[in-house]
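A.B. asks: Sending over run20.cif (mmCIF, C-alpha atoms).
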```cif
data_run
loop_
_atom_site.label_atom_id
_atom_site.label_comp_id
_atom_site.auth_asym_id
_atom_site.auth_seq_id
_atom_site.Cartn_x
_atom_site.Cartn_y
_atom_site.Cartn_z
CA MET A 1 0.00 0.00 0.00
CA ASN A 2 1.53 3.31 -0.97
CA ARG A 3 1.53 6.48 1.12
CA TRP A 4 -1.29 8.10 -0.85
CA THR A 5 -3.65 5.15 -0.44
CA TYR A 6 -2.81 4.98 3.25
CA GLY A 7 -3.28 8.75 3.61
CA ILE A 8 -6.70 8.66 1.95
CA ILE A 9 -7.83 5.72 4.11
CA ALA A 10 -6.60 7.50 7.25
CA LEU A 11 -8.31 10.75 6.26
CA LEU A 12 -11.63 9.06 5.50
CA LEU A 13 -11.63 6.74 8.48
CA VAL A 14 -12.86 9.15 11.19
CA PRO A 15 -15.70 10.48 8.99
CA VAL A 16 -16.64 6.89 8.04
CA GLN A 17 -16.53 5.91 11.72
CA THR A 18 -18.95 8.74 12.54
CA THR A 19 -21.37 8.20 9.65
CA TRP A 20 -21.65 4.87 7.85
CA LEU A 21 -20.58 2.70 10.75
CA ASN A 22 -23.63 3.73 12.79
CA GLY A 23 -25.62 1.46 10.51
CA ILE A 24 -23.93 -1.64 11.93
CA GLU A 25 -24.22 -0.75 15.61
CA LEU A 26 -25.19 -3.61 17.91
CA HIS A 27 -26.60 -2.47 21.26
CA SER A 28 -25.07 0.97 20.71
CA VAL A 29 -21.62 -0.50 20.07
CA LYS A 30 -19.79 -0.31 16.75
CA PRO A 31 -16.34 -1.56 15.74
CA ASP A 32 -13.48 0.88 16.22
CA LEU A 33 -11.93 1.10 12.75
CA VAL A 34 -9.52 3.79 13.91
CA LEU A 35 -8.03 1.44 16.50
CA LEU A 36 -7.76 -1.26 13.84
CA LEU A 37 -5.89 1.06 11.49
CA VAL A 38 -3.50 2.06 14.26
CA TYR A 39 -2.98 -1.60 15.17
CA PHE A 40 -2.29 -2.68 11.59
CA THR A 41 0.01 0.30 11.03
CA GLY A 42 2.02 -0.47 14.15
CA PHE A 43 2.11 -4.19 13.51
CA TYR A 44 3.16 -3.99 9.87
CA ALA A 45 5.17 -0.75 9.72
CA GLY A 46 6.79 -0.65 13.14
CA GLU A 47 6.24 1.12 16.43
CA MET A 48 7.22 4.61 15.31
CA SER A 49 4.74 4.51 12.41
CA GLY A 50 2.13 3.11 14.79
CA LEU A 51 2.83 5.91 17.22
CA ARG A 52 2.51 8.56 14.51
CA ALA A 53 -0.72 6.98 13.21
CA GLY A 54 -2.05 6.89 16.78
CA LEU A 55 -1.24 10.55 17.36
CA GLY A 56 -2.84 11.66 14.09
CA MET A 57 -5.93 9.47 14.30
CA GLY A 58 -6.25 10.29 18.00
CA LEU A 59 -6.31 14.00 17.22
CA GLY A 60 -8.99 13.50 14.56
CA THR A 61 -11.05 11.36 16.94
CA ASP A 62 -10.70 13.75 19.88
CA LEU A 63 -11.83 16.72 17.82
CA VAL A 64 -15.17 15.12 16.95
CA SER A 65 -15.69 13.06 20.10
CA GLY A 66 -17.51 14.11 23.24
CA GLY A 67 -14.70 12.98 25.56
CA PRO A 68 -11.92 15.05 27.10
CA PHE A 69 -9.45 16.45 24.59
CA GLY A 70 -6.24 14.38 24.49
CA LEU A 71 -7.82 11.12 25.62
CA HIS A 72 -7.70 9.36 22.27
CA ILE A 73 -4.39 10.97 21.32
CA ALA A 74 -2.90 9.32 24.40
CA THR A 75 -4.54 5.93 24.12
CA LEU A 76 -4.20 5.48 20.36
CA ALA A 77 -0.56 6.62 20.36
CA MET A 78 0.16 4.04 23.04
CA MET A 79 -1.73 1.37 21.12
CA GLY A 80 0.29 2.16 17.96
CA LEU A 81 3.51 1.85 19.90
CA VAL A 82 2.46 -1.34 21.68
CA SER A 83 1.28 -3.02 18.46
CA GLY A 84 4.60 -2.10 16.83
CA LEU A 85 6.56 -3.58 19.69
CA LEU A 86 4.42 -6.71 19.66
CA GLY A 87 4.88 -6.95 15.89
CA ARG A 88 8.62 -7.36 16.41
CA PHE A 89 7.98 -10.79 17.88
CA PHE A 90 6.34 -12.18 14.77
CA LEU A 91 7.74 -12.80 11.31
CA ASN A 92 4.33 -13.03 9.70
CA THR A 93 0.77 -13.29 10.85
CA THR A 94 -2.46 -15.25 10.57
CA ALA A 95 -6.11 -14.34 11.02
CA THR A 96 -6.16 -16.01 14.45
CA LEU A 97 -3.11 -14.11 15.64
CA THR A 98 -4.53 -10.84 14.30
CA MET A 99 -7.83 -11.43 16.07
CA GLY A 100 -6.12 -12.37 19.32
CA MET A 101 -3.89 -9.30 19.21
CA VAL A 102 -6.80 -6.98 18.38
CA PHE A 103 -8.88 -8.42 21.22
CA MET A 104 -6.05 -7.89 23.68
CA LEU A 105 -5.30 -4.41 22.37
CA SER A 106 -8.98 -3.40 22.48
CA ILE A 107 -9.20 -4.44 26.12
CA LEU A 108 -5.99 -2.55 26.91
CA ASP A 109 -7.23 0.50 25.02
CA GLY A 110 -10.54 0.36 26.91
CA ILE A 111 -8.79 0.13 30.25
CA LEU A 112 -6.66 3.16 29.39
CA VAL A 113 -9.70 5.14 28.22
CA PHE A 114 -11.42 4.23 31.49
CA PHE A 115 -8.50 5.45 33.60
CA PHE A 116 -8.08 8.70 31.66
CA HIS A 117 -11.83 9.34 31.69
CA GLN A 118 -11.99 8.61 35.40
CA TRP A 119 -9.10 10.99 36.04
CA VAL A 120 -10.60 13.87 34.08
CA LEU A 121 -14.35 13.43 34.50
CA GLY A 122 -14.85 10.54 36.93
CA GLY A 123 -18.18 8.99 37.87
CA ILE A 124 -18.10 5.66 36.01
CA GLN A 125 -18.02 2.12 37.34
CA PHE A 126 -15.50 -0.23 35.75
CA ALA A 127 -17.81 -3.25 36.00
CA ASP A 128 -20.59 -1.45 34.10
CA VAL A 129 -18.22 -0.08 31.50
CA PHE A 130 -16.60 -3.48 31.03
CA ARG A 131 -19.94 -5.19 30.56
CA TRP A 132 -21.68 -2.67 28.32
CA THR A 133 -18.87 -1.02 26.37
CA LEU A 134 -15.40 -2.48 26.72
CA LEU A 135 -16.07 -6.19 26.19
CA PRO A 136 -18.68 -5.83 23.41
CA GLU A 137 -16.39 -3.39 21.61
CA ALA A 138 -13.40 -5.72 21.94
CA LEU A 139 -15.44 -8.63 20.54
CA TYR A 140 -16.77 -6.53 17.70
CA ASN A 141 -13.27 -5.24 16.91
CA THR A 142 -11.95 -8.80 16.94
CA ALA A 143 -14.59 -9.99 14.48
CA THR A 144 -13.99 -6.97 12.25
CA ALA A 145 -10.22 -7.49 12.35
CA GLY A 146 -10.75 -11.10 11.26
CA ILE A 147 -12.90 -9.96 8.33
CA VAL A 148 -10.44 -7.20 7.36
CA PHE A 149 -7.55 -9.67 7.48
CA TRP A 150 -9.42 -12.37 5.61
CA ALA A 151 -10.83 -10.01 3.00
CA GLY A 152 -7.79 -7.88 2.34
CA LEU A 153 -4.62 -7.76 4.35
CA GLY A 154 -4.01 -11.50 4.45
CA ARG A 155 -4.24 -11.68 0.64
CA LEU A 156 -2.08 -8.63 0.00
CA ASN A 157 0.87 -10.34 1.66
CA ILE A 158 2.22 -7.06 3.01
CA LYS A 159 5.85 -7.26 4.08
CA LYS A 160 6.31 -6.67 7.77
CA GLN A 161 8.97 -4.21 8.82
CA GLY A 162 11.22 -4.99 11.74
CA ALA A 163 9.91 -8.54 11.99
CA GLY A 164 11.89 -10.83 14.19
CA THR A 165 14.02 -8.06 15.63
CA ALA A 166 12.80 -8.62 19.17
CA SER A 167 14.91 -10.79 21.43
CA LEU A 168 12.27 -13.50 21.16
CA SER A 169 11.06 -14.20 17.62
CA ILE A 170 8.25 -16.63 16.93
CA PRO A 171 8.00 -17.55 13.25
CA ILE A 172 4.50 -18.54 12.26
CA SER A 173 3.95 -20.45 9.07
CA MET B 1 26.02 6.44 25.25
CA LEU B 2 24.48 7.77 22.02
CA ARG B 3 23.77 4.23 20.94
CA GLN B 4 21.98 3.55 24.18
CA ILE B 5 19.84 6.63 23.69
CA ILE B 6 18.96 5.52 20.14
CA ASN B 7 18.09 2.06 21.46
CA TYR B 8 15.74 3.56 23.97
CA ARG B 9 14.36 6.12 21.50
CA ARG B 10 10.91 4.59 21.38
CA PHE B 11 10.62 4.62 25.15
CA ILE B 12 11.76 8.24 25.28
CA VAL B 13 9.17 9.11 22.63
CA LEU B 14 6.51 7.22 24.54
CA PHE B 15 7.46 9.03 27.71
CA LEU B 16 7.25 12.39 25.94
CA VAL B 17 3.87 11.52 24.43
CA VAL B 18 2.50 10.41 27.78
CA LEU B 19 3.86 13.59 29.37
CA LEU B 20 2.29 15.80 26.68
CA VAL B 21 -1.04 14.08 26.92
CA THR B 22 -0.99 14.11 30.70
CA VAL B 23 -0.55 17.86 30.55
CA LEU B 24 -3.33 18.15 27.96
CA LEU B 25 -5.66 16.01 30.03
CA PHE B 26 -5.35 18.11 33.18
CA PRO B 27 -8.91 19.06 34.11
CA GLU B 28 -8.01 22.75 34.25
CA LEU B 29 -6.66 22.70 30.71
CA GLN B 30 -9.87 21.09 29.42
CA LYS B 31 -11.70 24.33 30.13
CA ARG B 32 -9.32 26.46 28.09
CA PRO B 33 -10.45 27.33 24.60
CA PHE B 34 -7.58 25.74 22.72
CA TYR B 35 -9.94 24.00 20.34
CA PHE B 36 -9.15 26.64 17.73
CA LEU B 37 -5.97 24.63 17.09
CA GLY B 38 -8.10 21.80 15.76
CA ARG B 39 -10.52 23.93 13.75
CA PRO B 40 -8.99 23.16 10.36
CA VAL B 41 -9.14 19.43 11.17
CA VAL B 42 -12.77 19.69 12.31
CA PHE B 43 -13.54 21.64 9.14
CA VAL B 44 -12.12 18.85 6.96
CA ILE B 45 -13.74 16.06 8.99
CA SER B 46 -17.16 17.73 9.07
CA GLY B 47 -16.95 18.36 5.31
CA LEU B 48 -16.23 14.69 4.74
CA GLN B 49 -19.02 13.74 7.16
CA LYS B 50 -21.51 15.81 5.18
CA GLY B 51 -20.31 14.19 1.95
CA LEU B 52 -20.43 10.67 3.33
CA THR B 53 -23.88 11.23 4.86
CA TRP B 54 -25.11 12.43 1.47
CA ILE B 55 -23.49 9.51 -0.36
CA GLY B 56 -24.84 7.10 2.30
CA GLY B 57 -28.37 8.41 1.67
CA GLY B 58 -27.98 8.01 -2.09
CA PHE B 59 -26.44 4.56 -1.74
CA GLY B 60 -29.27 3.49 0.56
CA THR B 61 -31.80 4.54 -2.06
CA VAL B 62 -30.01 2.66 -4.85
CA TRP B 63 -29.50 -0.38 -2.60
CA ASN B 64 -33.17 -0.50 -1.64
CA GLY B 65 -34.06 -0.27 -5.30
CA TYR B 66 -31.71 -3.15 -6.09
CA VAL B 67 -33.06 -5.36 -3.30
CA ASN B 68 -36.59 -4.77 -4.50
CA LEU B 69 -35.58 -5.80 -7.97
CA VAL B 70 -34.27 -9.24 -7.04
CA SER B 71 -37.69 -10.88 -7.27
CA VAL B 72 -38.51 -9.51 -10.73
CA ARG B 73 -38.32 -12.04 -13.55
CA ARG B 74 -35.15 -12.15 -15.58
CA GLU B 75 -36.80 -12.41 -19.02
CA ASN B 76 -38.61 -9.13 -18.76
CA GLU B 77 -35.60 -6.83 -18.98
CA GLN B 78 -37.46 -3.84 -20.21
CA LEU B 79 -40.06 -4.17 -17.52
CA ARG B 80 -37.37 -4.61 -14.94
CA ARG B 81 -35.61 -1.46 -16.07
CA ASP B 82 -38.89 0.46 -15.94
CA LEU B 83 -39.65 -1.03 -12.57
CA ALA B 84 -36.19 -0.12 -11.29
CA ARG B 85 -36.59 3.41 -12.48
CA LEU B 86 -40.05 3.70 -11.00
CA GLN B 87 -39.03 2.06 -7.77
CA ASN B 88 -36.05 4.34 -7.39
CA GLU B 89 -38.29 7.24 -8.09
CA THR B 90 -40.87 5.99 -5.61
CA ILE B 91 -38.22 5.48 -2.95
CA ARG B 92 -36.84 8.92 -3.65
CA LEU B 93 -40.34 10.39 -3.45
CA GLN B 94 -41.04 8.43 -0.28
CA GLU B 95 -37.77 9.71 1.17
CA ASP B 96 -38.75 13.23 0.15
CA ALA B 97 -42.20 12.73 1.68
CA HIS B 98 -40.68 11.41 4.92
CA ALA B 99 -38.19 14.26 5.03
CA ASN B 100 -41.02 16.68 4.30
CA GLU B 101 -43.09 15.16 7.08
CA ARG B 102 -40.21 15.39 9.56
CA LEU B 103 -39.38 18.94 8.54
CA GLN B 104 -43.06 19.89 8.73
CA GLU B 105 -43.18 18.51 12.28
CA LEU B 106 -40.10 20.54 13.12
CA LEU B 107 -41.67 23.60 11.55
CA ASP B 108 -44.92 23.06 13.46
CA LEU B 109 -42.95 22.68 16.66
CA LYS B 110 -41.01 25.83 15.88
CA LYS B 111 -44.20 27.78 15.18
CA ALA B 112 -46.11 26.50 18.19
CA ALA B 113 -43.33 26.81 20.70
CA ALA B 114 -42.63 29.65 23.04
CA TYR B 115 -38.97 29.68 22.10
CA HIS B 116 -36.75 30.37 19.14
CA GLY B 117 -35.47 27.29 17.37
CA LEU B 118 -32.99 26.60 14.62
CA ALA B 119 -33.43 23.48 12.48
CA ALA B 120 -30.26 21.47 11.85
CA ALA B 121 -29.38 18.21 10.10
CA VAL B 122 -27.42 15.43 11.80
CA ILE B 123 -24.20 14.80 9.87
CA GLY B 124 -22.39 12.38 12.16
CA ARG B 125 -22.17 10.62 15.49
CA ASP B 126 -19.42 10.03 18.01
CA PRO B 127 -16.53 7.97 16.66
CA SER B 128 -16.07 6.31 20.04
CA ASN B 129 -18.37 3.90 21.85
CA TRP B 130 -17.62 5.68 25.13
CA TYR B 131 -19.50 8.88 24.43
CA ARG B 132 -22.86 9.57 22.85
CA THR B 133 -22.81 12.70 20.75
CA LEU B 134 -24.17 13.98 17.46
CA MET B 135 -22.59 16.36 15.00
CA ILE B 136 -25.04 18.86 13.46
CA ASP B 137 -24.57 21.09 10.45
CA LYS B 138 -25.17 24.40 12.25
CA GLY B 139 -22.55 26.22 14.25
CA SER B 140 -21.69 29.47 15.98
CA ARG B 141 -22.06 31.31 12.65
CA ASP B 142 -25.75 30.34 12.68
CA GLY B 143 -26.23 31.37 16.29
CA VAL B 144 -25.61 28.05 18.03
CA ALA B 145 -23.81 28.29 21.37
CA VAL B 146 -22.64 25.89 24.05
CA GLU B 147 -25.32 24.77 26.58
CA MET B 148 -28.22 25.30 24.17
CA GLY B 149 -30.87 22.58 24.34
CA VAL B 150 -31.55 20.32 21.35
CA ILE B 151 -34.94 18.69 20.72
CA THR B 152 -37.07 16.90 18.14
CA PRO B 153 -40.88 16.85 18.00
CA ALA B 154 -40.69 13.55 19.95
CA GLY B 155 -38.68 14.90 22.87
CA VAL B 156 -35.38 16.05 24.32
CA VAL B 157 -32.22 15.07 22.43
CA GLY B 158 -29.42 16.69 24.41
CA ARG B 159 -27.33 19.78 24.81
CA VAL B 160 -24.71 21.56 22.68
CA ILE B 161 -21.22 21.00 24.12
CA LYS B 162 -19.07 22.39 21.35
CA ALA B 163 -19.89 25.04 18.74
CA GLU B 164 -17.49 25.43 15.83
CA PRO B 165 -18.26 28.07 13.17
CA ALA B 166 -20.03 25.67 10.79
CA VAL B 167 -20.83 22.60 12.92
CA SER B 168 -21.73 21.81 16.53
CA GLN B 169 -21.52 18.81 18.80
CA VAL B 170 -24.52 17.70 20.85
CA LEU B 171 -24.19 15.55 23.97
CA LEU B 172 -27.17 13.17 24.09
CA ILE B 173 -29.18 12.67 27.27
CA THR B 174 -28.18 9.01 27.08
CA ASP B 175 -24.50 9.91 27.58
CA ARG B 176 -23.30 9.26 31.10
CA ASN B 177 -22.00 12.85 31.28
CA GLY B 178 -25.33 14.39 30.29
CA ALA B 179 -27.92 15.56 32.85
CA VAL B 180 -31.27 17.34 32.52
CA ALA B 181 -33.51 18.50 35.36
CA ALA B 182 -36.82 16.69 35.05
CA LEU B 183 -40.17 16.04 36.69
CA VAL B 184 -42.69 13.24 36.57
CA GLN B 185 -45.82 14.61 34.88
CA ARG B 186 -48.42 12.80 37.03
CA THR B 187 -46.90 13.26 40.49
CA ARG B 188 -44.82 16.43 39.86
CA ASP B 189 -41.81 14.83 41.61
CA GLU B 190 -38.54 16.29 40.48
CA GLY B 191 -35.30 14.53 39.67
CA LEU B 192 -32.31 14.51 37.38
CA VAL B 193 -32.20 12.51 34.14
CA GLU B 194 -28.74 11.10 33.36
CA GLY B 195 -27.38 8.71 30.78
CA THR B 196 -26.37 5.15 31.63
CA GLU B 197 -23.65 2.76 30.48
CA LYS B 198 -26.25 0.86 28.47
CA GLY B 199 -26.96 3.90 26.35
CA LEU B 200 -30.31 4.49 28.05
CA ALA B 201 -31.28 7.04 30.70
CA ARG B 202 -32.36 7.04 34.34
CA ILE B 203 -33.96 9.56 36.64
CA LYS B 204 -32.20 10.04 39.97
CA TYR B 205 -32.99 11.84 43.23
CA LEU B 206 -36.71 11.05 43.26
CA SER B 207 -38.16 11.46 46.74
CA LEU B 208 -38.75 8.25 48.70
CA LEU B 209 -42.37 9.32 49.07
CA ALA B 210 -42.82 9.81 45.35
CA ASP B 211 -45.74 7.73 44.10
CA VAL B 212 -44.24 7.16 40.68
CA LYS B 213 -45.21 4.21 38.47
CA GLN B 214 -43.87 2.54 35.37
CA GLY B 215 -45.16 4.30 32.28
CA ASP B 216 -45.33 7.76 33.89
CA LEU B 217 -44.24 10.50 31.54
CA VAL B 218 -41.03 12.37 32.38
CA LEU B 219 -40.79 16.02 31.32
CA THR B 220 -38.18 18.76 31.56
CA SER B 221 -38.62 20.81 34.71
CA GLY B 222 -37.10 23.95 33.21
CA LEU B 223 -34.63 24.24 36.08
CA THR B 224 -31.61 23.60 33.88
CA GLY B 225 -31.00 26.14 31.17
CA GLY B 226 -31.52 25.36 27.54
CA PHE B 227 -34.90 23.62 27.78
CA PRO B 228 -38.43 24.94 28.25
CA LYS B 229 -40.51 23.51 31.09
CA GLY B 230 -42.78 20.59 30.26
CA PHE B 231 -41.04 19.19 27.19
CA PRO B 232 -41.18 15.35 27.01
CA ILE B 233 -38.06 13.30 27.79
CA GLY B 234 -39.37 9.75 28.07
CA THR B 235 -41.37 7.29 30.14
CA LEU B 236 -40.49 5.64 33.44
CA GLY B 237 -39.32 2.05 33.39
CA ARG B 238 -38.17 -0.10 36.31
CA ILE B 239 -38.13 1.79 39.61
CA THR B 240 -35.41 0.91 42.13
CA LYS B 241 -34.64 1.84 45.69
CA LYS B 242 -31.59 0.41 47.37
CA GLU B 243 -31.75 0.12 51.15
CA PRO B 244 -29.29 2.78 52.34
CA ASP B 245 -30.23 5.29 49.63
CA LEU B 246 -32.19 8.41 50.47
CA PHE B 247 -33.76 8.60 47.02
CA LYS B 248 -35.50 6.42 44.48
CA GLU B 249 -34.30 6.12 40.93
CA ALA B 250 -35.90 4.74 37.80
CA GLU B 251 -34.98 3.81 34.28
CA VAL B 252 -36.24 6.20 31.64
CA THR B 253 -36.98 5.08 28.10
CA PRO B 254 -36.34 8.16 25.97
CA ASN B 255 -39.10 9.20 23.57
CA VAL B 256 -36.49 9.87 20.91
CA ASP B 257 -34.94 7.00 18.97
CA PHE B 258 -31.39 8.33 18.90
CA SER B 259 -30.24 5.92 16.22
CA LYS B 260 -32.70 7.37 13.73
CA ILE B 261 -32.49 11.12 14.27
CA GLU B 262 -31.92 13.00 11.04
CA GLU B 263 -33.02 16.54 11.90
CA VAL B 264 -33.14 18.40 15.20
CA LEU B 265 -34.17 21.78 16.53
CA VAL B 266 -31.65 23.80 18.53
CA ILE B 267 -33.32 26.06 21.10
CA THR B 268 -31.47 29.30 20.56
CA SER B 269 -33.55 31.37 22.96
CA LEU B 270 -36.15 30.62 25.60
CA ASP B 271 -37.72 34.09 25.36
CA ASP B 272 -41.50 33.89 25.24
CA ARG B 273 -42.63 35.00 21.79
CA LYS B 274 -46.35 34.91 22.52
#
```
As structure tokens, what does this structure read like?

C.D. replies:
Amino acid sequence: MNRWTYGIIALLLVPVQTTWLNGIELHSVKPDLVLLLVYFTGFYAGEMSGLRAGLGMGLGTDLVSGGPFGLHIATLAMMGLVSGLLGRFFLNTTATLTMGMVFMLSILDGILVFFFHQWVLGGIQFADVFRWTLLPEALYNTATAGIVFWAGLGRLNIKKQGAGTASLSIPIS
Amino acid sequence: MLRQIINYRRFIVLFLVVLLVTVLLFPELQKRPFYFLGRPVVFVISGLQKGLTWIGGGFGTVWNGYVNLVSVRRENEQLRRDLARLQNETIRLQEDAHANERLQELLDLKKAAAYHGLAAAVIGRDPSNWYRTLMIDKGSRDGVAVEMGVITPAGVVGRVIKAEPAVSQVLLITDRNGAVAALVQRTRDEGLVEGTEKGLARIKYLSLLADVKQGDLVLTSGLTGGFPKGFPIGTLGRITKKEPDLFKEAEVTPNVDFSKIEEVLVITSLDDRK
């Protein structure tokens, strides 16, 4: 994928997330395509690219979201960095691995959002948030990641950058 | 030494990002009007939102037309084409009629009400599942300001929390950060309607002696700014009272179906016009 294609996808993603995706909401929860883009960027292009994608997409999200300003910049930047660092452990990937990573990252992202929200605004119960927002979103993201991988990324055979450069490398065939 | 720094570059960057964001997230800084920094981004995003909403509407019409065509027999191509054209036209006319109906309701509400209202179209919703907001196509240039109430003919929608020049953001009453002073129509007991994690609403601080029942209508009390008194919010659902609590609370089913709002009315002034 060249820079222009990536740029257009990134630019359109927040507007798509706020318009068309509402049509596939289940119990007021929709998949977080922005998080998925940040994850895939970090995983395939390395932690610094993931971090940059997280900062940019986080800014776009924060500007049109009702939450405190900076919340998504922080969480998505961290997710980009974490996915990049995790990506170093794998030479290539499968749909199952992608789904597992996205599930884990969604939960981590949700926990971070909870802590930042609680710090700035407060007044929410973790158990309620976990049951009604965090877990359904993580499951929905996981399913969407599987579809995205199966429908596109897995077939494109994108070359991973920095694969196997972590101290522990797990080749997956 | 330099090599070590390069090796730890990502952690240094992460530290700097966390530091920057921590500073940004300080509650005091949230109140400062530094949103102007993001105005160009909001301008681009809202422009794309308007475009995508428009395309989505057009695509929906074409898609519905296509789905309706599936059952038509293959051999009658000409008839199918005519049918497609007519169906598309019918759907478009139906859409126009529905839009007309909705806008007429808004207009009636605007005419009948004792407040000034500004009609606006919904162009987007919150990108995150954590907050429940709407983006509307009217902003400070059109007279929209923060804290203004937003309604539809069915009931209360929410409150404006951000007003950019061309677009505004509305916090729904189903958001956990939203609150509207309310009263139960039948018993006149007052409370506060707040959003819940489930994306619904509940009324809190009802007196223990309040004789409220499921199905009672909940209205705005007019005590919080932005809304006139007596405008419908929803109906009471399950009523709960935990033992140590000094108040009752109840679920509220909003009158408005938030997933289907297309147009809203922003209450720009509560001055009595009559």

A.B. asks: Determine the residue set returned by the PyMOL selection byres ((chain B and resi 203-210) around 8) for the present structure, and present it as a list of chain:residue names.

C.D. replies: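 Listing what the PyMOL selection byres ((chain B and resi 203-210) around 8) selects in the shown file: B:Ala182, B:Thr187, B:Asp189, B:Glu190, B:Gly191, B:Leu192, B:Val193, B:Glu194, B:Ala201, B:Arg202, B:Asp211, B:Val212, B:Leu246, B:Phe247, B:Lys248, B:Glu249, B:Ala250, B:Glu251, B:Val252.
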
A.B. asks: What does the PyMOL selection byres ((chain A) within 7 of (chain B)) select in this file, as a list of chain:residue names?

C.D. replies: A:Val14, A:Pro15, A:Gln17, A:Thr18, A:Thr19, A:Trp20, A:Ser28, A:Val29, A:Lys30, A:Gly60, A:Thr61, A:Leu63, A:Val64, A:Ser65, A:Gly66, A:Gly67, A:Pro68, A:Phe69, A:Gly70, A:Leu71, A:Ala74, A:Val120, A:Asp128, A:Val129, A:Trp132, A:Thr133

A.B. asks: Would you kindly translate the PyMOL selection byres ((chain A and resi 75) around 8) into the concrete residues it picks from this file, as a ChimeraX atom specification?

C.D. replies: /A:54,58,71-74,76-79,109,112-113

A.B. asks: Applying 12 Å and all atoms listed in the file, which residues near Thr144 of chain A remain after dropping the ones on its own chain fewer than 3 positions away? List them as a PyMOL selection string.

C.D. replies: chain A and resi 21+24+30-37+95+98-100+102-103+106+137-141+147-152

A.B. asks: How many Å separate atom CA of Val157 of chain B from atom CA of Lys138 of chain B?

C.D. replies: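 Going from atom CA of Val157 of chain B over to atom CA of Lys138 of chain B, I get 15.5 Å.
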
A.B. asks: To one decimal place in Å, what is the distance between atom CA of Ala53 of chain A and atom CA of Arg131 of chain A?

C.D. replies: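 Computed distance, atom CA of Ala53 of chain A to atom CA of Arg131 of chain A, equals 28.6 Å.
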
A.B. asks: Can you tell me how far atom CA of Asp137 of chain B sits from atom CA of Ala166 of chain B, in Å to one decimal?

C.D. replies: 6.5 Å

A.B. asks: Which residues come within 12 Å of Tyr6 of chain A, counting all atoms listed in the file, excluding same-chain residues fewer than 3 positions away, as a count of residues only?

C.D. replies: 15

A.B. asks: Listed atoms of segment 116-121 of chain B, axis-aligned box, 8 Å per side: centre and edge lengths to one decimal in Å, as lines of an AutoDock Vina configuration file?

C.D. replies:
```
center_x = -33.1
center_y = 24.3
center_z = 14.6
size_x = 23.4
size_y = 28.2
size_z = 25.0
```

A.B. asks: Could you name the residues that touch Leu118 of chain B at 10 Å or less, counting only C-alpha atoms, but leaving out those on the same chain fewer than 2 positions away, as a list of chain:residue names?

C.D. replies: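 Contacts, in chain order: B:Leu106, B:Leu107, B:Lys110, B:His116, B:Ala120, B:Lys138, B:Asp142, B:Gly143, B:Val144, B:Val150, B:Val264, B:Leu265, B:Val266, B:Ile267, B:Thr268, B:Ser269.
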